[in-house]
Amino acid sequence: MTQRDSTSLRAEVIVIGSGPGGALTACLLSEAGRDVLLIEEGGDDPQSSCEPFSSQEMLTKYRNGGVTVALGRTNVLYVEGRGSGGGSEINSGIVGRVAGETLDDWRRTHAVETLSEADLAPCFAANGRELRTSVPAAPAPAARKLQEGATRLGWQSADLERLVRVDAGEGGGPTRARRESMTETFIPRALRAGCRMLSRTRALHISRAGSEWQVLLERTAPGHSPNQSPVRLTARAASLFVAGGAVQTPALLRRSGFKTNVGNSLHLHPMVKVVAQFPDDVVADDWSMPSHQIREFSPRLGFGCSISKPAYLATILLSNPENLPLLDAHWRKMAAYYTTTRGGVGTVRVLPGFRDPLVRYHLGDADLRELSEGLARLCEVLFAAGATAVFPGIAGQPALRSVADLALIPDPLPQARTSVSTVHLMASCPLGENRSVCAADSFGQVHAQAGLYIADASLFCGAIGTNPQATVMALARRNAEHFLSRQ
Amino acid sequence: MPGFDYTLSALVYSLVQELCAGADGNRRCIENDVVRFVSAQHAHTPDFLRLPLRVLTIVFDAWPLLTTGQTFHRSAPEARRRQIARWRASRLGVQRDLIRYYEGLAVFGWYACRDERGSPP
């Protein structure tokens with residue numbers, strides 16, 4: 001049962017979604033004097049409300065509790081943030097930039113105007129000035145292993161800059177690292193500039209109402225229980241930015257009847273993980289994400305460290321349950337690593353009668369061959385770093401004990417037996433002037449829909465091969481500045 | 001739907017017993033935490049998957065009725081283990097997927113809850 005509220009909220013601009021794209025857009029427009037209403041589906045829990053990478057965090061800050069899957073011959077498990085700050089509250093905050101060659105490709109294939117490396121550089125720089133970043137003074141042990149292996153093989157690798165603020169400890173105590181997430185940065189700035197924010201409020205439908213955009217909203221009370229009825233209300237504004245992420249944005253647009261090139265070209269970074277066992281301890285003092293990546297084969301193949309709490313190691317070892325007992329004996333000597341590619345393409349669709357969108361993804365033989373190559377190279381670098389065993393997330397795959405065992409890695413990886421996951425989804429509503437493939441124009445306005453914009457990773461024209469948050473924010477800044485200049 | 005809840009609980013206990021070792025002094029509390037975690041996760045599962053998973057879980061529970069006269073959740077531990085093993089190795093993908101779904105949540109939940117109770121491996 002849903003209650004109706006006759007309230008109709010009004011603003012000059014509505015932004016749906018408070019992740020990196022939405023929060024930055026709301027902040028810049030508010031500071032430019034616009035009357036902005038920011039809508040967030042999830043709660044407004046602060047960053048400190050739960051332990052990072054805990055079961056509680058999964059239930060409160062991940063969409064669907066982190067149990068989301070893109071269906072296909074090879075299913076791809078994926079996660080999305082849900083709540084104030086979106087993905088920035090749960091991700092590693094690694095600062096990656098889209099390569100200039102990738103932007104050149106986008107200009108060729110999608111006819112994107114004014115989007116070269118030089119065009120985007122001031123936006124990266126401005127975001128860099130406004131957010132604090134840090135590089136770990138001493139890499140975590142698991143990251144150091146990756147670095148050692150890369151050095152021995154002569155591969156390029158680097159400690160990564162992260163959106164993390166390091167505060168001095170009180171009274172000379174240990175320093176304290178905090179994510180420079182949206183709830184710590186652009187959302188408070190937006191609110192100080194007069195932005196209004198509605199959390200626990202889901203956008204159900206958008207439509208044209210005269211010269212304005214109308215959003216049908218459903219709001220739940222704090223601590224909402226199934227017995228409580230959500231309240232429906234509407235909001236109107238001349239301009240509407242949709243920033244729900246690469247799955248929720250096309251789902252909302254399609255549910256509202258905007259389907260042209262929407263949700264047809266989802267890309268992600270398919271990821272295969274391994275657990276590596278070393279002769280010495282690799283457990284860090286804290287559970288922060290080890291941030292070292294190998295760039296030798298970038299952007300085609302990526303390699304890095306993953307969260308290595310026992311629960312995360314266990315889910316990789318579960319591909320071959322006979323290896324699980326090793327965890328109890330050796331977990332301090334174990335760390336998780338990944339390889340990613342840019343392969344495959346998928347769709348986002350709305351199923352009649354259901355709220356959650358159906359995501360499908362196709363990984364072909366060539367994609368699974370590329371993942372196999374990535375996995376072999378990852379194992380190679382881990383053995384170079386001194387790993388005594390590597391356990392890939394492939395059912396029926398024996399543990400690899402030496403470089404000679406790399407020949408045992410199937411090529412292509414087996415469709416049904418490989419555990420593939422991702423944390424980076426993008427490109428479901430690409431931007432550009434090529435109307436045969438693009439959902440939005442070169443600055444994010446949905447084609448033929450004046451005043452309706454997209455402001456998240458949906459706008460990418462393909463997978464970028466690096467952590468997308470910094471590029472999402474650079475693009476959001478560029479598009480917000482363009483919006484303001486045109487008003 | 002009590003039948004579903006009983007089955008989920010029995011299945012999670014059986015999987016944890018089979019796959020997860022340790023935490024002797026605290027085991028029962030952690031197992032209870034894991035059941036609550038898996039139940040909460042199931043409630044968050046995308047809606048178009050939740051109903052089929054519920055139905056399939058109930059089918060799983062009723063599966064041994066014809067042969068043993070007992071539902072899964074009323075079966076002895078050894079009979080439960082045999083049924084899980086049969087579904088895990090089934091030629092039907094849907095049966096394998098059901099076990100994989102609960103295995104993933106139960107094993108993640110076990111190590112996460114154990115860690116959060118201050119009892120890492």
# chains A, B, ... in the order shown; residues from 1 in each chain; ligands from 1
>>> closest_atom_pairs(of="chain A", to="chain B", cutoff="6 Å", atoms="only C-alpha atoms", output="JSON lines")
{"residue": "A:Asn64", "atom": "CA", "partner": "B:His44", "partner_atom": "CA", "distance": 4.5}
{"residue": "A:Gly65", "atom": "CA", "partner": "B:His44", "partner_atom": "CA", "distance": 5.5}
{"residue": "A:Val67", "atom": "CA", "partner": "B:Thr45", "partner_atom": "CA", "distance": 5.8}
{"residue": "A:Ala311", "atom": "CA", "partner": "B:Tyr111", "partner_atom": "CA", "distance": 4.6}
{"residue": "A:Asp328", "atom": "CA", "partner": "B:Pro121", "partner_atom": "CA", "distance": 4.8}
{"residue": "A:Asp356", "atom": "CA", "partner": "B:Pro46", "partner_atom": "CA", "distance": 5.6}
>>> write_last_selection(atoms="N, CA and C atoms", output="short mmCIF file (atom, residue, chain, number, x, y, z; two decimals), in the first residue's frame")
data_model
loop_
_atom_site.label_atom_id
_atom_site.label_comp_id
_atom_site.auth_asym_id
_atom_site.auth_seq_id
_atom_site.Cartn_x
_atom_site.Cartn_y
_atom_site.Cartn_z
N ASN A 64 21.03 -4.18 -3.36
CA ASN A 64 20.66 -5.59 -3.24
C ASN A 64 21.62 -6.36 -2.34
N GLY A 65 22.18 -5.69 -1.36
CA GLY A 65 23.09 -6.37 -0.44
C GLY A 65 24.32 -6.93 -1.13
N VAL A 67 24.27 -8.63 -3.83
CA VAL A 67 23.94 -9.84 -4.58
C VAL A 67 23.30 -9.42 -5.90
N ALA A 311 36.88 -13.48 4.65
CA ALA A 311 35.61 -13.75 3.96
C ALA A 311 35.76 -13.61 2.45
N ASP A 328 42.10 -21.59 7.06
CA ASP A 328 42.26 -21.56 8.51
C ASP A 328 43.72 -21.67 8.91
N ASP A 356 13.62 -4.22 -9.91
CA ASP A 356 15.05 -4.35 -10.22
C ASP A 356 15.25 -4.65 -11.70
#
>>> residues_around(residues="Glu180 of chain A", least_positions_apart="6", cutoff="9 Å", atoms="only C-alpha atoms", output="mmCIF file with C-alpha atoms, in the first residue's frame")
data_model
loop_
_atom_site.group_PDB
_atom_site.id
_atom_site.type_symbol
_atom_site.label_atom_id
_atom_site.label_comp_id
_atom_site.auth_asym_id
_atom_site.auth_seq_id
_atom_site.Cartn_x
_atom_site.Cartn_y
_atom_site.Cartn_z
ATOM 1 C CA SER A 88 32.381 6.523 -3.514
ATOM 2 C CA GLU A 89 31.437 5.262 -0.050
ATOM 3 C CA GLY A 93 38.964 5.595 -4.285
ATOM 4 C CA LEU A 131 39.815 16.579 -3.185
ATOM 5 C CA ARG A 132 42.663 15.356 -1.046
ATOM 6 C CA THR A 133 44.563 12.352 -2.299
ATOM 7 C CA ARG A 162 43.807 7.338 -3.822
ATOM 8 C CA LEU A 163 41.051 9.669 -2.718
ATOM 9 C CA VAL A 164 42.030 9.230 0.882
ATOM 10 C CA ARG A 165 42.676 11.842 3.514
#
>>> residues_around(residues="Pro279 of chain A", least_positions_apart="4", cutoff="9 Å", atoms="only C-alpha atoms", output="list of chain:residue names")
A:Lys333, A:Gly386, A:Ala387, A:Thr388
>>> write_last_selection(atoms="N, CA and C atoms", output="PDB file, in the first residue's frame")
ATOM      1  N   LYS A 333      49.126 -15.693   5.291  1.00  0.00           N
ATOM      2  CA  LYS A 333      50.086 -15.745   4.179  1.00  0.00           C
ATOM      3  C   LYS A 333      49.378 -15.628   2.827  1.00  0.00           C
ATOM      4  N   GLY A 386      57.352 -14.631  -5.516  1.00  0.00           N
ATOM      5  CA  GLY A 386      57.641 -15.635  -4.503  1.00  0.00           C
ATOM      6  C   GLY A 386      56.448 -16.440  -4.039  1.00  0.00           C
ATOM      7  N   ALA A 387      55.297 -16.341  -4.733  1.00  0.00           N
ATOM      8  CA  ALA A 387      54.136 -17.138  -4.323  1.00  0.00           C
ATOM      9  C   ALA A 387      54.476 -18.628  -4.406  1.00  0.00           C
ATOM     10  N   THR A 388      53.988 -19.369  -3.417  1.00  0.00           N
ATOM     11  CA  THR A 388      54.206 -20.823  -3.439  1.00  0.00           C
ATOM     12  C   THR A 388      53.010 -21.551  -4.055  1.00  0.00           C
TER      13      THR A 388
END
>>> residues_around(residues="Leu28 of chain A", least_positions_apart="6", cutoff="10 Å", atoms="only C-alpha atoms", output="ChimeraX atom specification")
/A:34,36,186,189-190,193,476-477,480-481,484
>>> atom_distance(atom1="atom CA of Ala284 of chain A", atom2="atom CA of Leu268 of chain A")
29.1 Å
>>> residues_around(residues="Ala203 of chain A", least_positions_apart="3", cutoff="7 Å", atoms="only C-alpha atoms", output="ChimeraX atom specification")
/A:215-218
>>> select_by_dssp(residues="chain B", states="alpha helix (DSSP H)", output="ChimeraX atom specification")
/B:2-19,27-44,47-62,65-68,77-88,93-116
>>> residues_around(residues="Ala463 of chain A", least_positions_apart="2", cutoff="9 Å", atoms="only C-alpha atoms", output="ChimeraX atom specification")
/A:102,266-269,341-343,424-427,460-461,465-466,468
>>> write_last_selection(atoms="C-alpha atoms", output="PDB file, in the first residue's frame")
ATOM      1  CA  THR A 102      40.570   6.017 -25.589  1.00  0.00           C
ATOM      2  CA  LEU A 266      26.691  -1.713 -21.193  1.00  0.00           C
ATOM      3  CA  HIS A 267      30.401  -2.305 -20.705  1.00  0.00           C
ATOM      4  CA  LEU A 268      32.248  -3.427 -17.622  1.00  0.00           C
ATOM      5  CA  HIS A 269      35.659  -4.609 -16.567  1.00  0.00           C
ATOM      6  CA  THR A 341      39.932  -6.792 -19.219  1.00  0.00           C
ATOM      7  CA  ARG A 342      37.552  -4.569 -21.168  1.00  0.00           C
ATOM      8  CA  GLY A 343      35.743  -7.407 -22.919  1.00  0.00           C
ATOM      9  CA  HIS A 424      33.125  -1.092 -12.706  1.00  0.00           C
ATOM     10  CA  LEU A 425      30.031  -0.685 -14.894  1.00  0.00           C
ATOM     11  CA  MET A 426      29.748   1.964 -17.612  1.00  0.00           C
ATOM     12  CA  ALA A 427      28.758   3.013 -21.118  1.00  0.00           C
ATOM     13  CA  PHE A 460      31.213   6.592 -21.382  1.00  0.00           C
ATOM     14  CA  CYS A 461      31.456   5.236 -24.913  1.00  0.00           C
ATOM     15  CA  GLY A 465      40.456  -0.021 -18.532  1.00  0.00           C
ATOM     16  CA  THR A 466      41.035   1.863 -15.292  1.00  0.00           C
ATOM     17  CA  PRO A 468      36.312   5.086 -13.495  1.00  0.00           C
TER      18      PRO A 468
END
>>> select_by_dssp(residues="segment 129-266 of chain A", states="strand (DSSP E)", output="MDAnalysis selection string")
chainID A and resid 157:159 164:167 176:179 196:198 201:209 212:219 231:242
>>> write_last_selection(atoms="N, CA and C atoms", output="short mmCIF file (atom, residue, chain, number, x, y, z; two decimals), in the first residue's frame")
data_model
loop_
_atom_site.label_atom_id
_atom_site.label_comp_id
_atom_site.auth_asym_id
_atom_site.auth_seq_id
_atom_site.Cartn_x
_atom_site.Cartn_y
_atom_site.Cartn_z
N SER A 157 54.85 -0.74 -13.14
CA SER A 157 53.80 -0.80 -12.11
C SER A 157 53.93 0.44 -11.24
N ALA A 158 52.90 0.72 -10.47
CA ALA A 158 52.94 1.95 -9.67
C ALA A 158 52.03 1.84 -8.46
N ASP A 159 52.47 2.50 -7.37
CA ASP A 159 51.55 2.72 -6.25
C ASP A 159 50.54 3.75 -6.69
N VAL A 164 41.97 9.55 -0.54
CA VAL A 164 42.03 9.23 0.88
C VAL A 164 42.71 10.38 1.60
N ARG A 165 42.09 10.78 2.69
CA ARG A 165 42.68 11.84 3.51
C ARG A 165 43.34 11.17 4.71
N VAL A 166 44.58 11.55 4.97
CA VAL A 166 45.28 10.96 6.12
C VAL A 166 45.38 12.04 7.19
N ASP A 167 44.65 11.81 8.29
CA ASP A 167 44.66 12.77 9.39
C ASP A 167 45.68 12.34 10.44
N ARG A 176 45.13 8.44 10.78
CA ARG A 176 43.83 7.86 10.49
C ARG A 176 43.48 8.18 9.04
N ALA A 177 43.19 7.15 8.25
CA ALA A 177 42.86 7.37 6.84
C ALA A 177 41.35 7.34 6.67
N ARG A 178 40.83 8.32 5.91
CA ARG A 178 39.39 8.35 5.60
C ARG A 178 39.22 8.58 4.12
N ARG A 179 38.25 7.88 3.55
CA ARG A 179 37.95 8.11 2.13
C ARG A 179 37.48 9.55 1.92
N ARG A 196 19.04 21.24 -1.51
CA ARG A 196 18.20 20.42 -0.63
C ARG A 196 18.40 18.96 -1.01
N MET A 197 18.42 18.09 -0.02
CA MET A 197 18.65 16.66 -0.33
C MET A 197 17.55 15.82 0.29
N LEU A 198 17.03 14.90 -0.51
CA LEU A 198 16.03 13.95 -0.02
C LEU A 198 16.64 12.57 -0.13
N THR A 201 14.67 8.13 -0.99
CA THR A 201 13.64 8.55 -1.95
C THR A 201 14.00 8.01 -3.33
N ARG A 202 13.14 7.17 -3.85
CA ARG A 202 13.42 6.51 -5.13
C ARG A 202 12.66 7.22 -6.25
N ALA A 203 13.36 7.47 -7.32
CA ALA A 203 12.70 8.03 -8.51
C ALA A 203 12.07 6.88 -9.28
N LEU A 204 10.75 6.92 -9.42
CA LEU A 204 10.04 5.82 -10.08
C LEU A 204 9.89 6.07 -11.57
N HIS A 205 9.68 7.35 -11.93
CA HIS A 205 9.30 7.66 -13.30
C HIS A 205 9.58 9.12 -13.56
N ILE A 206 10.01 9.44 -14.77
CA ILE A 206 10.16 10.85 -15.12
C ILE A 206 9.32 11.13 -16.37
N SER A 207 8.85 12.35 -16.46
CA SER A 207 8.02 12.70 -17.62
C SER A 207 8.10 14.20 -17.87
N ARG A 208 7.76 14.59 -19.05
CA ARG A 208 7.67 16.00 -19.43
C ARG A 208 6.35 16.55 -18.90
N ALA A 209 6.38 17.74 -18.28
CA ALA A 209 5.16 18.40 -17.83
C ALA A 209 5.24 19.85 -18.28
N GLU A 212 8.60 21.79 -18.06
CA GLU A 212 9.39 21.25 -16.95
C GLU A 212 9.49 19.72 -17.03
N TRP A 213 10.38 19.19 -16.19
CA TRP A 213 10.47 17.75 -15.99
C TRP A 213 9.84 17.40 -14.66
N GLN A 214 9.02 16.36 -14.66
CA GLN A 214 8.37 15.92 -13.43
C GLN A 214 8.91 14.54 -13.05
N VAL A 215 9.21 14.39 -11.77
CA VAL A 215 9.72 13.12 -11.27
C VAL A 215 8.73 12.57 -10.26
N LEU A 216 8.29 11.35 -10.46
CA LEU A 216 7.45 10.68 -9.47
C LEU A 216 8.37 9.97 -8.49
N LEU A 217 8.20 10.29 -7.21
CA LEU A 217 9.12 9.80 -6.18
C LEU A 217 8.39 8.91 -5.18
N GLU A 218 9.14 8.03 -4.57
CA GLU A 218 8.60 7.19 -3.49
C GLU A 218 9.55 7.30 -2.31
N ARG A 219 9.05 7.77 -1.19
CA ARG A 219 9.90 8.06 -0.05
C ARG A 219 9.57 7.12 1.10
N VAL A 231 5.67 6.81 0.90
CA VAL A 231 4.85 7.95 0.48
C VAL A 231 5.25 8.35 -0.93
N ARG A 232 4.27 8.59 -1.79
CA ARG A 232 4.58 9.04 -3.16
C ARG A 232 4.40 10.54 -3.26
N LEU A 233 5.32 11.19 -3.90
CA LEU A 233 5.23 12.63 -4.12
C LEU A 233 5.86 12.95 -5.47
N THR A 234 5.71 14.18 -5.90
CA THR A 234 6.30 14.56 -7.18
C THR A 234 7.23 15.74 -6.99
N ALA A 235 8.13 15.89 -7.93
CA ALA A 235 9.04 17.04 -7.93
C ALA A 235 9.15 17.53 -9.36
N ARG A 236 9.28 18.84 -9.51
CA ARG A 236 9.36 19.43 -10.85
C ARG A 236 10.54 20.39 -10.95
N ALA A 237 11.14 20.41 -12.11
CA ALA A 237 12.25 21.34 -12.34
C ALA A 237 12.41 21.54 -13.84
N ALA A 238 13.06 22.64 -14.19
CA ALA A 238 13.30 22.90 -15.62
C ALA A 238 14.37 21.95 -16.16
N SER A 239 15.33 21.59 -15.29
CA SER A 239 16.41 20.71 -15.74
C SER A 239 16.52 19.52 -14.81
N LEU A 240 16.80 18.37 -15.40
CA LEU A 240 16.87 17.13 -14.62
C LEU A 240 18.12 16.37 -15.00
N PHE A 241 18.95 16.07 -14.02
CA PHE A 241 20.16 15.26 -14.23
C PHE A 241 19.92 13.89 -13.62
N VAL A 242 20.11 12.85 -14.42
CA VAL A 242 19.98 11.49 -13.90
C VAL A 242 21.38 10.94 -13.71
#
>>> residues_around(residues="segment 37-51 of chain A", least_positions_apart="5", cutoff="6 Å", atoms="only C-alpha atoms", output="CSV table (one decimal) with N, CA and C atoms, in the first residue's frame")
chain,number,residue,atom,x,y,z
A,14,ILE,N,16.9,19.3,-10.7
A,14,ILE,CA,16.8,18.1,-9.9
A,14,ILE,C,17.9,17.2,-10.3
A,15,VAL,N,18.7,16.6,-9.3
A,15,VAL,CA,19.7,15.6,-9.6
A,15,VAL,C,19.3,14.3,-8.9
A,16,ILE,N,19.2,13.3,-9.7
A,16,ILE,CA,18.8,12.0,-9.1
A,16,ILE,C,20.1,11.1,-9.0
A,17,GLY,N,20.4,10.8,-7.7
A,17,GLY,CA,21.6,10.0,-7.5
A,17,GLY,C,22.7,10.9,-6.9
A,18,SER,N,23.3,10.5,-5.7
A,18,SER,CA,24.3,11.3,-5.1
A,18,SER,C,25.7,10.6,-5.1
A,57,GLU,N,28.1,-3.6,6.1
A,57,GLU,CA,28.3,-2.6,5.0
A,57,GLU,C,27.6,-3.2,3.8
A,82,ARG,N,24.7,2.0,-2.9
A,82,ARG,CA,23.4,2.6,-2.7
A,82,ARG,C,23.3,3.3,-1.4
A,83,GLY,N,23.1,4.6,-1.5
A,83,GLY,CA,23.1,5.4,-0.3
A,83,GLY,C,23.8,6.7,-0.6
A,84,SER,N,23.8,7.6,0.3
A,84,SER,CA,24.4,8.9,0.1
A,84,SER,C,25.9,8.7,-0.3
A,195,CYS,N,21.7,23.6,-1.5
A,195,CYS,CA,21.1,22.4,-2.1
A,195,CYS,C,20.2,21.7,-1.1
A,196,ARG,N,19.0,21.2,-1.5
A,196,ARG,CA,18.2,20.4,-0.6
A,196,ARG,C,18.4,19.0,-1.0
A,197,MET,N,18.4,18.1,0.0
A,197,MET,CA,18.7,16.7,-0.3
A,197,MET,C,17.6,15.8,0.3
A,198,LEU,N,17.0,14.9,-0.5
A,198,LEU,CA,16.0,13.9,0.0
A,198,LEU,C,16.6,12.6,-0.1
A,199,SER,N,16.9,11.9,1.0
A,199,SER,CA,17.4,10.6,1.0
A,199,SER,C,16.3,9.6,1.1
A,200,ARG,N,16.5,8.3,1.0
A,200,ARG,CA,15.5,7.3,1.1
A,200,ARG,C,14.3,7.6,0.1
A,201,THR,N,14.7,8.1,-1.0
A,201,THR,CA,13.6,8.5,-1.9
A,201,THR,C,14.0,8.0,-3.3
A,202,ARG,N,13.1,7.2,-3.9
A,202,ARG,CA,13.4,6.5,-5.1
A,202,ARG,C,12.7,7.2,-6.3
>>> closest_residue(among="A:Gln397, A:Ser306, A:Ser458, A:Ser265", to="Ser419 of chain A", atoms="only C-alpha atoms")
A:Gln397
>>> closest_residue(among="A:Ala121, A:Val350, A:Met182, A:Leu375", to="Gly257 of chain A", atoms="only C-alpha atoms")
A:Val350
>>> closest_residue(among="B:Ile99, B:Thr67, B:Val35, B:Val55", to="Arg81 of chain B", atoms="only C-alpha atoms")
B:Ile99
>>> closest_residue(among="A:Ala140, A:Ala168, A:Ala70, A:Leu406", to="Ser372 of chain A", atoms="only C-alpha atoms")
A:Leu406
